[in-house]
Amino acid sequence: MDLSEELEFLPPEKRKEYQEKALLEAKWFPNVQICHFKPIVEHFVFVTFYTHLDKKIVPMHLHKENAKKEIEEKAAELLPTIKWKIFSGTQHQADFEFQESFQVWNSIKKSEICKFYYLLVRLERLHPDSHEVKCDECLRMIVGHRYKCTECADYDLCQTCESKSLHSEHAMLRIVRDGITHIPRYITANAPRYVFPNFY
Ligand SMILES: [Zn+2]
Ligand SMILES: [Zn+2]
């Protein structure tokens, strides 16, 4: 892995700092090995949370005994309207599901050049068939196509209500299945945050 690939695992605002630190340390301390006498039970880790749509990099303190719960809680905090299963993996694939904290802990890697810890987490919906979203007209859980308003904060219609031409003043996105229907980043990235709170 080269430096630019490594820096991808840091939040953009941290990249310069770590890169400069690595250059300095290479200059002044070329062969320093740090000895750890105590077993390590905590790491400061840059965790990349991938969904099928996007990614978010979050600095976290992870603890050996509790890492799975810490990751689950952070996922729930970042994307609260959806229940997630956590996997090892990236945007493109989920490798295996994290069942225990030691699996999370063992998946933490240390970058070779800048020496930061990082972890790649892939989030998958717990119930992929349901949208887990209520229709704002009939107030039922949406089964079938979900129509999401592109202007309002959190306004959705079910297929039946949409076919009655409700909410005709705004354009609606048709989502057949969350996670399958792709919403282009040029839409989510340019929208006000309240419209796509789950698609950072
Ligand atoms: Zn409805
Ligand atoms: Zn609207």
# chains A, B, ... in the order shown; residues from 1 in each chain; ligands from 1

call {"tool": "residues_around", "arguments": {"residues": "Lys55 in chain A", "least_positions_apart": "3", "cutoff": "10 Å", "atoms": "only C-alpha atoms", "output": "PyMOL selection string"}}
result
chain A and resi 48-52+58+90-91+120-123+199-200

call {"tool": "write_last_selection", "arguments": {"atoms": "N, CA and C atoms", "output": "PDB file, in the first residue's frame"}}
result
ATOM      1  N   THR A  48     -13.579   3.443   9.086  1.00  0.00           N
ATOM      2  CA  THR A  48     -14.326   3.784   7.875  1.00  0.00           C
ATOM      3  C   THR A  48     -15.600   2.956   7.857  1.00  0.00           C
ATOM      4  N   PHE A  49     -16.743   3.634   7.894  1.00  0.00           N
ATOM      5  CA  PHE A  49     -18.039   2.960   7.790  1.00  0.00           C
ATOM      6  C   PHE A  49     -18.492   3.049   6.339  1.00  0.00           C
ATOM      7  N   TYR A  50     -18.598   1.908   5.688  1.00  0.00           N
ATOM      8  CA  TYR A  50     -19.078   1.880   4.309  1.00  0.00           C
ATOM      9  C   TYR A  50     -20.535   1.455   4.282  1.00  0.00           C
ATOM     10  N   THR A  51     -21.332   2.137   3.473  1.00  0.00           N
ATOM     11  CA  THR A  51     -22.630   1.603   3.087  1.00  0.00           C
ATOM     12  C   THR A  51     -22.543   1.377   1.583  1.00  0.00           C
ATOM     13  N   HIS A  52     -23.634   0.880   0.981  1.00  0.00           N
ATOM     14  CA  HIS A  52     -23.581   0.673  -0.462  1.00  0.00           C
ATOM     15  C   HIS A  52     -23.438   2.005  -1.184  1.00  0.00           C
ATOM     16  N   VAL A  58     -14.547   7.938  10.860  1.00  0.00           N
ATOM     17  CA  VAL A  58     -14.775   8.472  12.199  1.00  0.00           C
ATOM     18  C   VAL A  58     -13.630   8.052  13.117  1.00  0.00           C
ATOM     19  N   THR A  90     -15.753  -3.557   2.615  1.00  0.00           N
ATOM     20  CA  THR A  90     -15.662  -2.223   2.040  1.00  0.00           C
ATOM     21  C   THR A  90     -16.952  -1.912   1.297  1.00  0.00           C
ATOM     22  N   GLN A  91     -16.913  -0.801   0.575  1.00  0.00           N
ATOM     23  CA  GLN A  91     -18.050  -0.379  -0.239  1.00  0.00           C
ATOM     24  C   GLN A  91     -18.520  -1.498  -1.162  1.00  0.00           C
ATOM     25  N   LEU A 120     -11.948  -1.137   8.733  1.00  0.00           N
ATOM     26  CA  LEU A 120     -12.926  -0.987   7.664  1.00  0.00           C
ATOM     27  C   LEU A 120     -14.177  -1.772   8.025  1.00  0.00           C
ATOM     28  N   VAL A 121     -15.298  -1.063   8.083  1.00  0.00           N
ATOM     29  CA  VAL A 121     -16.559  -1.690   8.491  1.00  0.00           C
ATOM     30  C   VAL A 121     -17.574  -1.505   7.377  1.00  0.00           C
ATOM     31  N   ARG A 122     -18.231  -2.575   7.037  1.00  0.00           N
ATOM     32  CA  ARG A 122     -19.284  -2.509   6.023  1.00  0.00           C
ATOM     33  C   ARG A 122     -20.622  -2.673   6.737  1.00  0.00           C
ATOM     34  N   LEU A 123     -21.547  -1.740   6.493  1.00  0.00           N
ATOM     35  CA  LEU A 123     -22.864  -1.812   7.128  1.00  0.00           C
ATOM     36  C   LEU A 123     -23.879  -2.414   6.164  1.00  0.00           C
ATOM     37  N   PHE A 199     -27.715   9.608   3.946  1.00  0.00           N
ATOM     38  CA  PHE A 199     -26.818   9.438   2.813  1.00  0.00           C
ATOM     39  C   PHE A 199     -25.790  10.550   2.872  1.00  0.00           C
ATOM     40  N   TYR A 200     -24.931  10.468   3.862  1.00  0.00           N
ATOM     41  CA  TYR A 200     -23.990  11.560   4.067  1.00  0.00           C
ATOM     42  C   TYR A 200     -23.115  11.744   2.861  1.00  0.00           C
TER      43      TYR A 200
END

call {"tool": "residues_around", "arguments": {"residues": "His170 in chain A", "least_positions_apart": "6", "cutoff": "10 Å", "atoms": "only C-alpha atoms", "output": "ChimeraX atom specification"}}
result
/A:148-152

call {"tool": "residues_near_ligand", "arguments": {"ligand": "ligand 1", "cutoff": "12 Å", "atoms": "only C-alpha atoms and all ligand atoms", "output": "VMD selection string"}}
result
chain A and resid 133 to 148 155 to 167

call {"tool": "write_last_selection", "arguments": {"atoms": "C-alpha atoms", "output": "short mmCIF file (atom, residue, chain, number, x, y, z; two decimals), in the first residue's frame"}}
result
data_model
loop_
_atom_site.label_atom_id
_atom_site.label_comp_id
_atom_site.auth_asym_id
_atom_site.auth_seq_id
_atom_site.Cartn_x
_atom_site.Cartn_y
_atom_site.Cartn_z
CA VAL A 133 -39.99 4.00 6.61
CA LYS A 134 -43.55 5.19 7.15
CA CYS A 135 -45.69 6.74 4.46
CA ASP A 136 -46.37 10.32 5.49
CA GLU A 137 -49.94 10.19 4.13
CA CYS A 138 -51.41 6.84 5.22
CA LEU A 139 -48.87 6.40 8.04
CA ARG A 140 -48.30 2.72 7.22
CA MET A 141 -44.87 1.12 6.87
CA ILE A 142 -43.91 1.25 3.23
CA VAL A 143 -43.88 -2.08 1.43
CA GLY A 144 -43.26 -1.92 -2.30
CA HIS A 145 -41.89 1.19 -3.90
CA ARG A 146 -40.91 4.04 -1.69
CA TYR A 147 -41.20 7.58 -3.04
CA LYS A 148 -38.92 10.03 -1.31
CA TYR A 155 -41.11 13.00 3.51
CA ASP A 156 -41.99 9.66 1.91
CA LEU A 157 -45.00 8.16 0.15
CA CYS A 158 -46.04 4.57 -0.41
CA GLN A 159 -46.96 3.33 -3.88
CA THR A 160 -50.70 3.64 -3.27
CA CYS A 161 -50.57 7.21 -2.01
CA GLU A 162 -48.15 8.23 -4.74
CA SER A 163 -50.56 6.96 -7.38
CA LYS A 164 -53.17 9.42 -6.06
CA SER A 165 -50.88 12.27 -7.17
CA LEU A 166 -50.39 13.44 -3.60
CA HIS A 167 -47.55 15.88 -2.94
#

call {"tool": "closest_residue", "arguments": {"among": "A:Ala171, A:Pro197, A:Lys56, A:Ile40", "to": "ligand 2", "atoms": "only C-alpha atoms and all ligand atoms"}}
result
A:Ala171

call {"tool": "select_by_dssp", "arguments": {"residues": "range 24-119 of chain A", "states": "alpha helix (DSSP H)", "output": "PyMOL selection string"}}
result
chain A and resi 24-28+67-78+101-107

call {"tool": "write_last_selection", "arguments": {"atoms": "C-alpha atoms", "output": "mmCIF file, in the first residue's frame"}}
result
data_model
loop_
_atom_site.group_PDB
_atom_site.id
_atom_site.type_symbol
_atom_site.label_atom_id
_atom_site.label_comp_id
_atom_site.auth_asym_id
_atom_site.auth_seq_id
_atom_site.Cartn_x
_atom_site.Cartn_y
_atom_site.Cartn_z
ATOM 1 C CA LEU A 24 9.264 13.940 10.504
ATOM 2 C CA GLU A 25 9.521 10.589 12.230
ATOM 3 C CA ALA A 26 11.218 9.010 9.263
ATOM 4 C CA LYS A 27 13.765 11.806 9.390
ATOM 5 C CA TRP A 28 14.537 11.837 13.108
ATOM 6 C CA ALA A 67 -15.253 -3.176 20.286
ATOM 7 C CA LYS A 68 -18.290 -4.776 18.646
ATOM 8 C CA LYS A 69 -20.741 -2.832 20.788
ATOM 9 C CA GLU A 70 -18.796 0.382 20.250
ATOM 10 C CA ILE A 71 -18.972 -0.058 16.471
ATOM 11 C CA GLU A 72 -22.683 -0.918 16.595
ATOM 12 C CA GLU A 73 -23.462 2.120 18.708
ATOM 13 C CA LYS A 74 -21.530 4.406 16.403
ATOM 14 C CA ALA A 75 -23.333 3.000 13.345
ATOM 15 C CA ALA A 76 -26.671 3.612 15.093
ATOM 16 C CA GLU A 77 -25.593 7.150 15.917
ATOM 17 C CA LEU A 78 -24.413 7.912 12.357
ATOM 18 C CA SER A 101 -15.494 -8.099 19.832
ATOM 19 C CA PHE A 102 -12.278 -10.024 19.258
ATOM 20 C CA GLN A 103 -13.090 -10.225 15.533
ATOM 21 C CA VAL A 104 -13.444 -6.462 15.398
ATOM 22 C CA TRP A 105 -10.293 -6.029 17.441
ATOM 23 C CA ASN A 106 -8.289 -8.386 15.230
ATOM 24 C CA SER A 107 -9.423 -6.540 12.118
#

call {"tool": "select_by_dssp", "arguments": {"residues": "chain A", "states": "strand (DSSP E or B)", "output": "VMD selection string"}}
result
chain A and resid 42 to 50 55 to 63 84 to 89 94 to 97 109 to 110 117 to 125 134 141 146 to 149 156 to 157 172 to 175

call {"tool": "residues_around", "arguments": {"residues": "Gln19 in chain A", "least_positions_apart": "4", "cutoff": "10 Å", "atoms": "only C-alpha atoms", "output": "ChimeraX atom specification"}}
result
/A:3-4,6-7,14-15,23-24,113-115

call {"tool": "closest_residue", "arguments": {"among": "A:Leu62, A:Phe196, A:Asp95, A:Phe116", "to": "Ile183 in chain A", "atoms": "only C-alpha atoms"}}
result
A:Phe196

call {"tool": "closest_residue", "arguments": {"among": "A:Pro39, A:Glu13, A:Glu100, A:Val195", "to": "ligand 2", "atoms": "only C-alpha atoms and all ligand atoms"}}
result
A:Val195

call {"tool": "residues_around", "arguments": {"residues": "His63 in chain A", "least_positions_apart": "5", "cutoff": "8 Å", "atoms": "only C-alpha atoms", "output": "list in words"}}
result
Val41, Glu42, His43 and Trp105 of chain A

call {"tool": "atom_distance", "arguments": {"atom1": "CA of Lys85 in chain A", "atom2": "CA of Gln99 in chain A"}}
result
9.6 Å

call {"tool": "atom_distance", "arguments": {"atom1": "CA of Phe46 in chain A", "atom2": "CA of Tyr118 in chain A"}}
result
4.6 Å

call {"tool": "closest_residue", "arguments": {"among": "A:Asp2, A:Glu112, A:Asp154, A:Asp178", "to": "ligand 2", "atoms": "only C-alpha atoms and all ligand atoms"}}
result
A:Asp154

call {"tool": "closest_residue", "arguments": {"among": "A:Met172, A:Ala189, A:Tyr194, A:Leu10", "to": "ligand 2", "atoms": "only C-alpha atoms and all ligand atoms"}}
result
A:Met172

call {"tool": "closest_residue", "arguments": {"among": "A:Ile180, A:Leu173, A:Ile108, A:Ile187", "to": "ligand 2", "atoms": "only C-alpha atoms and all ligand atoms"}}
result
A:Leu173
